[in-house]
$ cat data.txt   # compact mmCIF, C-alpha atoms and all ligand atoms
# COMPACT_ATOMS: atom_id res chain seq x y z
CA MET A 958 -69.96 125.15 -104.91
CA VAL A 959 -67.92 127.66 -103.01
CA ALA A 960 -67.82 127.32 -99.29
CA ILE A 961 -65.89 128.87 -96.49
CA ALA A 962 -63.74 127.25 -93.86
CA GLU A 963 -62.19 128.10 -90.53
CA ARG A 964 -58.72 126.69 -90.31
CA PRO A 965 -55.39 128.17 -89.33
CA ALA A 966 -52.86 128.45 -92.15
CA SER A 967 -50.53 125.99 -90.43
CA ALA A 968 -51.73 122.79 -92.06
CA THR A 969 -50.13 119.60 -90.84
CA GLY A 970 -47.69 118.24 -93.38
CA HIS A 971 -47.41 114.50 -93.81
CA ALA A 972 -44.57 113.07 -95.74
CA ASN A 973 -46.01 109.74 -96.79
CA GLY A 974 -49.64 110.57 -97.03
CA HIS A 975 -50.30 109.64 -93.44
CA ALA A 976 -51.69 112.38 -91.26
CA THR A 977 -49.47 112.99 -88.28
CA VAL A 978 -52.26 114.27 -86.04
CA HIS A 979 -55.56 112.51 -85.54
CA THR A 980 -58.85 113.81 -84.29
CA THR A 981 -60.01 112.42 -80.99
CA GLY A 982 -63.61 111.99 -79.93
CA HIS A 983 -65.91 114.67 -81.27
CA ALA A 984 -63.51 117.58 -81.30
CA PRO A 985 -61.80 118.19 -84.62
CA VAL A 986 -58.19 119.22 -84.24
CA PRO A 987 -57.60 122.33 -86.34
CA GLY A 988 -55.18 121.76 -89.15
CA THR A 989 -56.05 118.12 -89.78
CA GLY A 990 -58.27 116.35 -92.23
CA ALA A 991 -61.84 115.46 -91.37
CA HIS A 992 -62.89 112.03 -90.12
CA ILE A 993 -65.88 110.87 -92.16
CA ASP A 994 -68.18 107.98 -91.26
CA ILE A 995 -70.72 106.73 -93.77
CA ARG A 996 -72.89 104.24 -91.92
CA ASN A 997 -75.24 101.85 -93.65
CA VAL A 998 -76.37 104.52 -96.10
CA SER A 999 -79.11 103.70 -98.59
CA HIS A 1000 -80.72 106.21 -100.90
CA TRP A 1001 -83.63 106.35 -103.31
CA PHE A 1002 -84.98 108.91 -105.72
CA GLY A 1003 -88.67 109.24 -106.48
CA SER A 1004 -91.45 107.12 -105.03
CA GLY A 1005 -93.90 104.39 -105.93
CA ASP A 1006 -93.34 102.79 -109.32
CA SER A 1007 -90.77 105.38 -110.29
CA ARG A 1008 -88.68 104.77 -107.18
CA LEU A 1009 -85.04 104.34 -108.06
CA GLN A 1010 -82.68 102.88 -105.50
CA VAL A 1011 -79.21 104.36 -105.93
CA LEU A 1012 -77.24 103.37 -102.81
CA ASP A 1013 -77.53 100.12 -100.89
CA GLY A 1014 -76.12 99.91 -97.36
CA VAL A 1015 -72.87 101.77 -97.97
CA ASP A 1016 -70.42 101.67 -95.04
CA LEU A 1017 -67.21 103.63 -95.39
CA THR A 1018 -64.84 105.51 -93.13
CA VAL A 1019 -62.31 108.12 -94.23
CA THR A 1020 -59.70 108.72 -91.55
CA PRO A 1021 -58.14 112.17 -91.04
CA GLY A 1022 -55.80 112.99 -93.89
CA GLU A 1023 -56.64 109.86 -95.84
CA PHE A 1024 -57.06 109.80 -99.64
CA VAL A 1025 -59.87 107.48 -100.72
CA ALA A 1026 -61.00 106.92 -104.31
CA LEU A 1027 -64.38 105.58 -105.45
CA LEU A 1028 -64.62 103.57 -108.65
CA GLY A 1029 -67.76 102.12 -110.16
CA PRO A 1030 -69.91 101.83 -113.28
CA SER A 1031 -71.47 104.95 -114.72
CA GLY A 1032 -74.79 105.78 -113.09
CA CYS A 1033 -74.23 103.51 -110.08
CA GLY A 1034 -74.54 106.29 -107.51
CA LYS A 1035 -71.05 107.71 -106.86
CA SER A 1036 -71.95 111.37 -107.31
CA THR A 1037 -75.05 110.82 -105.21
CA LEU A 1038 -72.85 109.52 -102.40
CA LEU A 1039 -70.56 112.56 -102.72
CA ARG A 1040 -73.56 114.88 -102.53
CA LEU A 1041 -74.60 113.19 -99.30
CA VAL A 1042 -71.09 113.56 -97.87
CA ALA A 1043 -71.07 117.22 -98.89
CA GLY A 1044 -74.41 117.67 -97.13
CA LEU A 1045 -76.17 118.75 -100.32
CA ASP A 1046 -78.73 115.98 -99.80
CA SER A 1047 -79.80 113.72 -96.92
CA PRO A 1048 -79.87 109.92 -97.16
CA VAL A 1049 -83.18 108.07 -97.02
CA SER A 1050 -81.63 105.73 -94.46
CA GLY A 1051 -78.37 105.43 -92.58
CA GLU A 1052 -76.19 108.26 -91.37
CA LEU A 1053 -73.16 110.31 -92.31
CA LEU A 1054 -70.90 111.85 -89.68
CA GLN A 1055 -67.99 114.24 -89.72
CA ASP A 1056 -65.82 114.02 -86.62
CA GLY A 1057 -68.70 112.26 -84.89
CA ARG A 1058 -71.30 114.89 -85.75
CA PRO A 1059 -74.14 114.26 -88.23
CA ILE A 1060 -73.73 115.86 -91.65
CA THR A 1061 -77.02 117.67 -92.22
CA GLU A 1062 -76.14 120.54 -94.53
CA PRO A 1063 -73.23 121.89 -96.57
CA ASP A 1064 -70.41 123.03 -94.36
CA PRO A 1065 -67.48 125.30 -95.09
CA SER A 1066 -65.05 122.59 -94.01
CA ARG A 1067 -66.12 120.30 -96.87
CA ILE A 1068 -65.46 121.60 -100.35
CA VAL A 1069 -66.57 119.97 -103.59
CA VAL A 1070 -64.68 120.28 -106.87
CA PHE A 1071 -66.66 119.12 -109.90
CA GLN A 1072 -65.61 118.06 -113.38
CA ASP A 1073 -66.50 121.47 -114.73
CA PRO A 1074 -64.53 124.34 -113.19
CA THR A 1075 -67.60 126.69 -113.33
CA LEU A 1076 -65.61 129.91 -113.10
CA TYR A 1077 -67.38 133.25 -113.41
CA PRO A 1078 -66.33 134.45 -116.88
CA TRP A 1079 -66.55 138.14 -115.96
CA ARG A 1080 -64.27 137.83 -112.95
CA ARG A 1081 -60.53 137.68 -113.20
CA VAL A 1082 -58.79 134.52 -111.98
CA TRP A 1083 -57.80 136.20 -108.71
CA ASP A 1084 -61.38 137.28 -108.04
CA ASN A 1085 -62.73 133.82 -108.84
CA VAL A 1086 -60.37 132.31 -106.29
CA ALA A 1087 -61.30 134.99 -103.75
CA LEU A 1088 -65.02 134.11 -103.86
CA GLY A 1089 -65.14 132.15 -100.60
CA LEU A 1090 -63.27 134.81 -98.67
CA GLN A 1091 -65.40 137.52 -100.25
CA ALA A 1092 -68.56 135.71 -99.14
CA ARG A 1093 -67.25 135.97 -95.59
CA GLY A 1094 -66.29 139.62 -95.99
CA ILE A 1095 -62.64 139.00 -95.18
CA VAL A 1096 -61.04 139.22 -98.59
CA ARG A 1097 -59.36 142.55 -97.85
CA GLN A 1098 -57.44 141.34 -94.81
CA GLU A 1099 -56.85 137.85 -96.23
CA ARG A 1100 -55.56 138.73 -99.71
CA HIS A 1101 -52.42 136.72 -99.06
CA ARG A 1102 -54.51 133.52 -98.92
CA VAL A 1103 -55.68 134.06 -102.49
CA ASP A 1104 -52.10 134.68 -103.61
CA ALA A 1105 -50.95 131.56 -101.75
CA ALA A 1106 -53.71 129.39 -103.28
CA LEU A 1107 -52.76 130.57 -106.77
CA ARG A 1108 -49.12 129.80 -106.02
CA ARG A 1109 -50.04 126.33 -104.82
CA VAL A 1110 -51.56 125.51 -108.21
CA GLY A 1111 -48.77 127.25 -110.14
CA LEU A 1112 -50.89 130.11 -111.47
CA GLU A 1113 -49.50 133.09 -109.60
CA ALA A 1114 -48.75 134.79 -112.93
CA PHE A 1115 -52.36 134.49 -114.11
CA GLY A 1116 -54.25 136.30 -111.37
CA ARG A 1117 -55.29 139.08 -113.72
CA ALA A 1118 -56.33 136.80 -116.60
CA PHE A 1119 -59.97 136.10 -117.41
CA PRO A 1120 -61.23 132.49 -117.56
CA HIS A 1121 -61.52 132.54 -121.38
CA GLN A 1122 -57.77 133.17 -121.56
CA LEU A 1123 -56.99 129.89 -119.78
CA SER A 1124 -56.57 126.34 -121.03
CA GLY A 1125 -58.88 123.63 -119.65
CA GLY A 1126 -56.18 122.42 -117.28
CA MET A 1127 -55.48 125.93 -116.03
CA ALA A 1128 -59.19 126.57 -115.46
CA GLN A 1129 -59.39 123.38 -113.41
CA ARG A 1130 -56.36 124.55 -111.41
CA VAL A 1131 -58.23 127.78 -110.67
CA ALA A 1132 -61.17 125.70 -109.44
CA LEU A 1133 -58.76 123.82 -107.17
CA ALA A 1134 -57.25 127.07 -105.90
CA ARG A 1135 -60.77 128.37 -105.22
CA ALA A 1136 -61.35 125.28 -103.07
CA LEU A 1137 -57.94 125.42 -101.36
CA VAL A 1138 -58.22 129.08 -100.39
CA ASN A 1139 -60.83 127.98 -97.87
CA ASP A 1140 -58.48 125.44 -96.25
CA PRO A 1141 -60.94 122.56 -96.48
CA ARG A 1142 -60.75 119.67 -94.02
CA LEU A 1143 -62.33 117.40 -96.62
CA LEU A 1144 -61.87 117.85 -100.35
CA VAL A 1145 -64.60 116.09 -102.32
CA LEU A 1146 -63.54 115.57 -105.91
CA ASP A 1147 -66.08 114.43 -108.51
CA GLU A 1148 -64.04 113.51 -111.58
CA PRO A 1149 -62.12 116.76 -111.34
CA LEU A 1150 -59.75 115.79 -114.14
CA GLY A 1151 -62.34 114.08 -116.31
CA LYS A 1152 -62.42 116.65 -119.10
CA LEU A 1153 -58.69 117.17 -119.43
CA ASP A 1154 -56.47 115.78 -122.17
CA SER A 1155 -54.38 112.83 -121.07
CA LEU A 1156 -51.06 114.68 -120.68
CA THR A 1157 -52.56 117.49 -118.62
CA ARG A 1158 -54.39 114.89 -116.63
CA LEU A 1159 -51.19 113.04 -115.75
CA ALA A 1160 -49.51 116.29 -114.72
CA MET A 1161 -52.46 117.30 -112.58
CA GLN A 1162 -52.59 113.93 -110.87
CA GLY A 1163 -49.06 114.60 -109.64
CA ASP A 1164 -50.09 118.10 -108.59
CA LEU A 1165 -53.06 116.77 -106.66
CA VAL A 1166 -50.87 114.38 -104.68
CA GLU A 1167 -48.53 117.22 -103.82
CA LEU A 1168 -51.34 119.54 -102.77
CA TRP A 1169 -52.85 116.84 -100.61
CA GLN A 1170 -49.53 115.99 -98.97
CA ARG A 1171 -48.80 119.62 -98.22
CA SER A 1172 -52.27 120.52 -96.99
CA GLY A 1173 -53.28 117.54 -94.88
CA PHE A 1174 -56.97 117.50 -95.86
CA SER A 1175 -58.88 114.24 -96.24
CA ALA A 1176 -59.80 113.52 -99.85
CA LEU A 1177 -62.68 111.61 -101.38
CA LEU A 1178 -62.28 111.25 -105.13
CA VAL A 1179 -64.64 109.83 -107.73
CA THR A 1180 -62.98 108.84 -110.96
CA HIS A 1181 -63.65 106.52 -113.90
CA ASP A 1182 -59.96 106.00 -114.36
CA VAL A 1183 -58.55 102.92 -112.60
CA GLU A 1184 -54.93 104.10 -112.98
CA GLU A 1185 -55.81 107.50 -111.60
CA ALA A 1186 -57.48 105.97 -108.55
CA LEU A 1187 -54.49 103.71 -107.89
CA PHE A 1188 -51.94 106.47 -108.50
CA LEU A 1189 -53.63 108.90 -106.13
CA ALA A 1190 -55.42 107.04 -103.38
CA GLN A 1191 -54.41 105.04 -100.35
CA ARG A 1192 -57.61 103.03 -100.64
CA VAL A 1193 -59.81 102.37 -103.65
CA ILE A 1194 -63.44 101.43 -103.08
CA LEU A 1195 -65.13 99.48 -105.86
CA PHE A 1196 -68.87 99.77 -106.31
CA SER A 1197 -71.36 97.46 -107.96
CA ASP A 1198 -73.92 98.55 -110.55
CA ARG A 1199 -76.84 100.60 -109.25
CA PRO A 1200 -77.85 100.47 -106.52
CA ALA A 1201 -74.24 100.99 -105.51
CA LYS A 1202 -73.00 98.50 -102.95
CA ILE A 1203 -69.37 98.22 -101.94
CA ARG A 1204 -67.99 95.26 -103.82
CA ALA A 1205 -64.38 95.37 -102.78
CA GLU A 1206 -61.76 97.60 -101.28
CA LEU A 1207 -58.13 97.74 -102.39
CA THR A 1208 -55.39 99.10 -100.18
CA VAL A 1209 -52.70 100.75 -102.25
CA ASP A 1210 -49.71 99.93 -100.10
CA LEU A 1211 -47.22 102.14 -101.92
CA PRO A 1212 -45.49 105.29 -100.72
CA TYR A 1213 -45.64 108.63 -102.55
CA PRO A 1214 -44.53 109.78 -105.01
CA ARG A 1215 -45.60 106.70 -106.91
CA HIS A 1216 -44.18 105.41 -110.14
CA ARG A 1217 -46.69 104.58 -112.82
CA GLY A 1218 -44.65 101.61 -113.98
CA ASP A 1219 -44.62 100.03 -110.53
CA PRO A 1220 -45.51 96.33 -110.96
CA ARG A 1221 -47.62 96.50 -107.80
CA LEU A 1222 -49.85 99.08 -109.51
CA THR A 1223 -50.29 96.70 -112.45
CA GLU A 1224 -51.32 93.91 -110.06
CA LEU A 1225 -53.79 96.17 -108.30
CA ARG A 1226 -55.15 97.32 -111.64
CA HIS A 1227 -55.90 93.73 -112.62
CA GLU A 1228 -57.56 93.18 -109.32
CA ALA A 1229 -59.69 96.31 -109.68
CA LEU A 1230 -60.75 95.37 -113.21
CA ARG A 1231 -61.59 91.86 -112.06
CA HIS A 1232 -63.91 93.24 -109.39
CA LEU A 1233 -65.50 95.50 -112.00
CA GLY A 1234 -65.96 92.53 -114.34
CA LEU A 1235 -63.62 94.06 -116.94
CA ASP A 1236 -60.55 91.87 -116.70
CA ALA A 1237 -61.41 89.70 -119.72
CA SER A 1238 -59.75 92.19 -122.07
CA TRP A 1239 -56.48 92.02 -120.12
N1 LIG B 1 -81.78 114.31 -108.36
C1 LIG B 1 -82.02 113.13 -108.94
N2 LIG B 1 -83.29 112.72 -109.16
C2 LIG B 1 -83.55 111.52 -109.70
N3 LIG B 1 -82.60 110.64 -110.08
C3 LIG B 1 -81.33 111.00 -109.89
C4 LIG B 1 -80.96 112.25 -109.31
N4 LIG B 1 -79.62 112.33 -109.25
C5 LIG B 1 -79.17 111.18 -109.76
N5 LIG B 1 -80.19 110.37 -110.13
C6 LIG B 1 -80.06 109.02 -110.69
O1 LIG B 1 -79.32 108.27 -109.77
C7 LIG B 1 -78.46 107.37 -110.44
C8 LIG B 1 -77.05 107.56 -109.94
O2 LIG B 1 -76.59 108.82 -110.37
P1 LIG B 1 -75.14 109.34 -109.99
O3 LIG B 1 -75.02 110.68 -110.61
O4 LIG B 1 -74.95 109.23 -108.53
O5 LIG B 1 -74.24 108.27 -110.73
P2 LIG B 1 -72.66 108.22 -110.91
O6 LIG B 1 -72.20 106.93 -110.35
O7 LIG B 1 -72.05 109.45 -110.39
O8 LIG B 1 -72.55 108.17 -112.50
P3 LIG B 1 -71.39 108.75 -113.46
O9 LIG B 1 -70.22 107.87 -113.24
O10 LIG B 1 -71.96 108.59 -114.83
O11 LIG B 1 -71.17 110.17 -113.08
C9 LIG B 1 -78.65 107.62 -111.92
O12 LIG B 1 -79.50 106.64 -112.44
C10 LIG B 1 -79.30 108.98 -111.98
O13 LIG B 1 -80.17 109.05 -113.07
MG MG B 2 -71.06 111.07 -111.30
$ encode --input "data.txt" --output "structure tokens"
Amino acid sequence: MVAIAERPASATGHANGHATVHTTGHAPVPGTGAHIDIRNVSHWFGSGDSRLQVLDGVDLTVTPGEFVALLGPSGCGKSTLLRLVAGLDSPVSGELLQDGRPITEPDPSRIVVFQDPTLYPWRRVWDNVALGLQARGIVRQERHRVDAALRRVGLEAFGRAFPHQLSGGMAQRVALARALVNDPRLLVLDEPLGKLDSLTRLAMQGDLVELWQRSGFSALLVTHDVEEALFLAQRVILFSDRPAKIRAELTVDLPYPRHRGDPRLTELRHEALRHLGLDASW
């Protein structure tokens, strides 16, 4: 999904992952992350005998500039919840709000990055990143934003390359740049690093933290990786099996940059696995 956003280039920096400016009431303050309210959201697919309940009374708030990770068993409903937040679908019951306003359709201020970078193979890297601006007809006057987004993901030297000339990690960086060029207020990440090898994945986790700290957007990340969730997020939400219900919430009370060997992360990891019913092997 490529969407377009209105936001001045002067994003609010926040040194420790805490946004320094907060939205008040219904008016979003430009340059800050979105405030997201998920209120008692339940969702079903199908009807009658084939009805499948996927979400069960999910309540969750993401404060401006916050980084929240969602962890849960495969098929429990995490991507479905992200689609609702993105406005790609509407919940059967409950409501979702951004800065106090109902989320009813996709909006340029919320950008989704999926596991697969889905770049257009016939477009050069630069032109893939420029898609959102091109859709708005402002790419000519805003070329510097494409250059800046490529710089932010360390690919300024690859603007003229084609997607097939990139590694998997580089292609995913292009997908991130394509999202960032629009200055999202909420970045929705559905296992964005899921297909990468473990070394690239570790490197990109660090990159993601840096991008988030520099840009000030709110982030909602789905991952299967407990360490990744704890390394990146300020809060980790643990879901039950389908229909997904919030089972527990862990606050990761550590400053950034984090150290993977931090004993507190090990403690939190045990706690997360216990809630997921997977601690027996530890
Ligand atoms: N459009 C749809 N129509 C019918 N069923 C769907 C649809 N989308 C998802 N589902 C079902 O809803 C359930 C939850 O799917 P979802 O993709 O949200 O899970 P998930 O938690 O993201 O899983 P994973 O971790 O494997 O990605 C699954 O059983 C899936 O088959
Ligand atoms: Mg999923």
$ closest_atom_pairs --input "data.txt" --of "chain A" --to "ligand MG 2 (chain B)" --cutoff "8 Å" --atoms "all atoms listed in the file" --output "tab-separated table"
residue	atom	partner	partner_atom	distance
A:Ser1031	CA	B:MG2	MG	7.0
A:Gly1032	CA	B:MG2	MG	6.7
A:Gly1034	CA	B:MG2	MG	7.0
A:Lys1035	CA	B:MG2	MG	5.6
A:Ser1036	CA	B:MG2	MG	4.1
A:Thr1037	CA	B:MG2	MG	7.3
A:Asp1147	CA	B:MG2	MG	6.6
A:Glu1148	CA	B:MG2	MG	7.4
A:Val1179	CA	B:MG2	MG	7.4
$ write_last_selection --input "data.txt" --atoms "C-alpha atoms" --output "PDB file, keeping the file's coordinate frame"
ATOM      1  CA  SER A1031     -71.470 104.950-114.720  1.00  0.00           C
ATOM      2  CA  GLY A1032     -74.790 105.780-113.090  1.00  0.00           C
ATOM      3  CA  GLY A1034     -74.540 106.290-107.510  1.00  0.00           C
ATOM      4  CA  LYS A1035     -71.050 107.710-106.860  1.00  0.00           C
ATOM      5  CA  SER A1036     -71.950 111.370-107.310  1.00  0.00           C
ATOM      6  CA  THR A1037     -75.050 110.820-105.210  1.00  0.00           C
ATOM      7  CA  ASP A1147     -66.080 114.430-108.510  1.00  0.00           C
ATOM      8  CA  GLU A1148     -64.040 113.510-111.580  1.00  0.00           C
ATOM      9  CA  VAL A1179     -64.640 109.830-107.730  1.00  0.00           C
TER      10      VAL A1179
END
$ atom_distance --input "data.txt" --atom1 "CA of Lys1202 in chain A" --atom2 "CA of Leu1038 in chain A"
11.0 Å
$ closest_residue --input "data.txt" --among "A:Gly1218, A:Gly1089, A:Gly1029, A:Gly990" --to "Gln1055 in chain A" --atoms "all atoms listed in the file"
A:Gly990
$ residues_near_ligand --input "data.txt" --ligand "ligand LIG 1 (chain B)" --cutoff "10 Å" --atoms "only C-alpha atoms and all ligand atoms" --output "PyMOL selection string"
chain A and resi 1000-1003+1007-1012+1027-1040+1046+1072+1147-1148+1179-1181+1196-1201
$ write_last_selection --input "data.txt" --atoms "C-alpha atoms" --output "PDB file, in the frame of the given file"
ATOM      1  CA  HIS A1000     -80.720 106.210-100.900  1.00  0.00           C
ATOM      2  CA  TRP A1001     -83.630 106.350-103.310  1.00  0.00           C
ATOM      3  CA  PHE A1002     -84.980 108.910-105.720  1.00  0.00           C
ATOM      4  CA  GLY A1003     -88.670 109.240-106.480  1.00  0.00           C
ATOM      5  CA  SER A1007     -90.770 105.380-110.290  1.00  0.00           C
ATOM      6  CA  ARG A1008     -88.680 104.770-107.180  1.00  0.00           C
ATOM      7  CA  LEU A1009     -85.040 104.340-108.060  1.00  0.00           C
ATOM      8  CA  GLN A1010     -82.680 102.880-105.500  1.00  0.00           C
ATOM      9  CA  VAL A1011     -79.210 104.360-105.930  1.00  0.00           C
ATOM     10  CA  LEU A1012     -77.240 103.370-102.810  1.00  0.00           C
ATOM     11  CA  LEU A1027     -64.380 105.580-105.450  1.00  0.00           C
ATOM     12  CA  LEU A1028     -64.620 103.570-108.650  1.00  0.00           C
ATOM     13  CA  GLY A1029     -67.760 102.120-110.160  1.00  0.00           C
ATOM     14  CA  PRO A1030     -69.910 101.830-113.280  1.00  0.00           C
ATOM     15  CA  SER A1031     -71.470 104.950-114.720  1.00  0.00           C
ATOM     16  CA  GLY A1032     -74.790 105.780-113.090  1.00  0.00           C
ATOM     17  CA  CYS A1033     -74.230 103.510-110.080  1.00  0.00           C
ATOM     18  CA  GLY A1034     -74.540 106.290-107.510  1.00  0.00           C
ATOM     19  CA  LYS A1035     -71.050 107.710-106.860  1.00  0.00           C
ATOM     20  CA  SER A1036     -71.950 111.370-107.310  1.00  0.00           C
ATOM     21  CA  THR A1037     -75.050 110.820-105.210  1.00  0.00           C
ATOM     22  CA  LEU A1038     -72.850 109.520-102.400  1.00  0.00           C
ATOM     23  CA  LEU A1039     -70.560 112.560-102.720  1.00  0.00           C
ATOM     24  CA  ARG A1040     -73.560 114.880-102.530  1.00  0.00           C
ATOM     25  CA  ASP A1046     -78.730 115.980 -99.800  1.00  0.00           C
ATOM     26  CA  GLN A1072     -65.610 118.060-113.380  1.00  0.00           C
ATOM     27  CA  ASP A1147     -66.080 114.430-108.510  1.00  0.00           C
ATOM     28  CA  GLU A1148     -64.040 113.510-111.580  1.00  0.00           C
ATOM     29  CA  VAL A1179     -64.640 109.830-107.730  1.00  0.00           C
ATOM     30  CA  THR A1180     -62.980 108.840-110.960  1.00  0.00           C
ATOM     31  CA  HIS A1181     -63.650 106.520-113.900  1.00  0.00           C
ATOM     32  CA  PHE A1196     -68.870  99.770-106.310  1.00  0.00           C
ATOM     33  CA  SER A1197     -71.360  97.460-107.960  1.00  0.00           C
ATOM     34  CA  ASP A1198     -73.920  98.550-110.550  1.00  0.00           C
ATOM     35  CA  ARG A1199     -76.840 100.600-109.250  1.00  0.00           C
ATOM     36  CA  PRO A1200     -77.850 100.470-106.520  1.00  0.00           C
ATOM     37  CA  ALA A1201     -74.240 100.990-105.510  1.00  0.00           C
TER      38      ALA A1201
END
$ atom_distance --input "data.txt" --atom1 "CA of Arg1135 in chain A" --atom2 "CA of Leu1153 in chain A"
18.2 Å
$ axis_aligned_box --input "data.txt" --around "range 1177-1184 of chain A" --padding-each-side "5 Å" --output "lines of an AutoDock Vina configuration file"
center_x = -59.8
center_y = 107.3
center_z = -107.9
size_x = 19.7
size_y = 18.7
size_z = 23.0
$ closest_residue --input "data.txt" --among "A:Leu1041, A:Val1110, A:Val1209, A:Leu1156" --to "Arg1171 in chain A" --atoms "all atoms listed in the file"
A:Val1110
$ closest_residue --input "data.txt" --among "A:Trp1083, A:Ser1175, A:Ile1095, A:Phe1188" --to "Ala1114 in chain A" --atoms "only C-alpha atoms"
A:Trp1083
$ decode --input "data.txt" --residues "range 1034-1056 of chain A" --atoms "N, CA and C atoms" --output "JSON list (two decimals), in the first residue's frame"
[["chain", "number", "residue", "atom", "x", "y", "z"],
["A", 1034, "GLY", "N", -5.19, -13.34, 14.58],
["A", 1034, "GLY", "CA", -5.93, -12.14, 14.17],
["A", 1034, "GLY", "C", -5.13, -10.85, 14.17],
["A", 1035, "LYS", "N", -3.81, -10.95, 14.25],
["A", 1035, "LYS", "CA", -2.97, -9.74, 14.33],
["A", 1035, "LYS", "C", -3.05, -8.90, 13.06],
["A", 1036, "SER", "N", -2.88, -9.57, 11.91],
["A", 1036, "SER", "CA", -2.93, -8.80, 10.66],
["A", 1036, "SER", "C", -4.31, -8.20, 10.44],
["A", 1037, "THR", "N", -5.32, -8.95, 10.88],
["A", 1037, "THR", "CA", -6.69, -8.42, 10.76],
["A", 1037, "THR", "C", -6.81, -7.12, 11.55],
["A", 1038, "LEU", "N", -6.25, -7.12, 12.75],
["A", 1038, "LEU", "CA", -6.31, -5.90, 13.57],
["A", 1038, "LEU", "C", -5.57, -4.75, 12.88],
["A", 1039, "LEU", "N", -4.41, -5.06, 12.29],
["A", 1039, "LEU", "CA", -3.66, -4.01, 11.59],
["A", 1039, "LEU", "C", -4.46, -3.46, 10.41],
["A", 1040, "ARG", "N", -5.15, -4.35, 9.71],
["A", 1040, "ARG", "CA", -5.96, -3.89, 8.57],
["A", 1040, "ARG", "C", -7.08, -2.95, 9.04],
["A", 1041, "LEU", "N", -7.62, -3.23, 10.20],
["A", 1041, "LEU", "CA", -8.66, -2.35, 10.74],
["A", 1041, "LEU", "C", -8.06, -0.99, 11.10],
["A", 1042, "VAL", "N", -6.88, -1.03, 11.73],
["A", 1042, "VAL", "CA", -6.22, 0.24, 12.10],
["A", 1042, "VAL", "C", -5.89, 1.04, 10.85],
["A", 1043, "ALA", "N", -5.45, 0.34, 9.80],
["A", 1043, "ALA", "CA", -5.10, 1.03, 8.56],
["A", 1043, "ALA", "C", -6.34, 1.57, 7.85],
["A", 1044, "GLY", "N", -7.53, 1.05, 8.23],
["A", 1044, "GLY", "CA", -8.76, 1.49, 7.58],
["A", 1044, "GLY", "C", -9.05, 0.70, 6.32],
["A", 1045, "LEU", "N", -8.39, -0.45, 6.16],
["A", 1045, "LEU", "CA", -8.61, -1.28, 4.97],
["A", 1045, "LEU", "C", -9.88, -2.12, 5.13],
["A", 1046, "ASP", "N", -10.35, -2.24, 6.36],
["A", 1046, "ASP", "CA", -11.54, -3.00, 6.70],
["A", 1046, "ASP", "C", -12.22, -2.31, 7.88],
["A", 1047, "SER", "N", -13.52, -2.59, 8.10],
["A", 1047, "SER", "CA", -14.20, -2.01, 9.26],
["A", 1047, "SER", "C", -14.56, -3.12, 10.23],
["A", 1048, "PRO", "N", -14.48, -2.86, 11.53],
["A", 1048, "PRO", "CA", -14.79, -3.92, 12.50],
["A", 1048, "PRO", "C", -16.28, -4.21, 12.53],
["A", 1049, "VAL", "N", -16.63, -5.45, 12.88],
["A", 1049, "VAL", "CA", -18.03, -5.81, 13.03],
["A", 1049, "VAL", "C", -18.61, -5.07, 14.25],
["A", 1050, "SER", "N", -17.82, -5.00, 15.33],
["A", 1050, "SER", "CA", -18.27, -4.18, 16.46],
["A", 1050, "SER", "C", -17.10, -3.49, 17.12],
["A", 1051, "GLY", "N", -17.41, -2.43, 17.85],
["A", 1051, "GLY", "CA", -16.37, -1.62, 18.46],
["A", 1051, "GLY", "C", -15.95, -0.49, 17.54],
["A", 1052, "GLU", "N", -14.99, 0.31, 17.97],
["A", 1052, "GLU", "CA", -14.57, 1.42, 17.12],
["A", 1052, "GLU", "C", -13.07, 1.66, 17.20],
["A", 1053, "LEU", "N", -12.57, 2.26, 16.11],
["A", 1053, "LEU", "CA", -11.15, 2.63, 16.05],
["A", 1053, "LEU", "C", -11.08, 4.12, 15.74],
["A", 1054, "LEU", "N", -10.25, 4.83, 16.50],
["A", 1054, "LEU", "CA", -10.16, 6.28, 16.34],
["A", 1054, "LEU", "C", -8.71, 6.69, 16.14],
["A", 1055, "GLN", "N", -8.52, 7.71, 15.31],
["A", 1055, "GLN", "CA", -7.21, 8.35, 15.22],
["A", 1055, "GLN", "C", -7.40, 9.80, 15.63],
["A", 1056, "ASP", "N", -6.69, 10.20, 16.66],
["A", 1056, "ASP", "CA", -6.81, 11.56, 17.18],
["A", 1056, "ASP", "C", -8.28, 11.92, 17.41]]
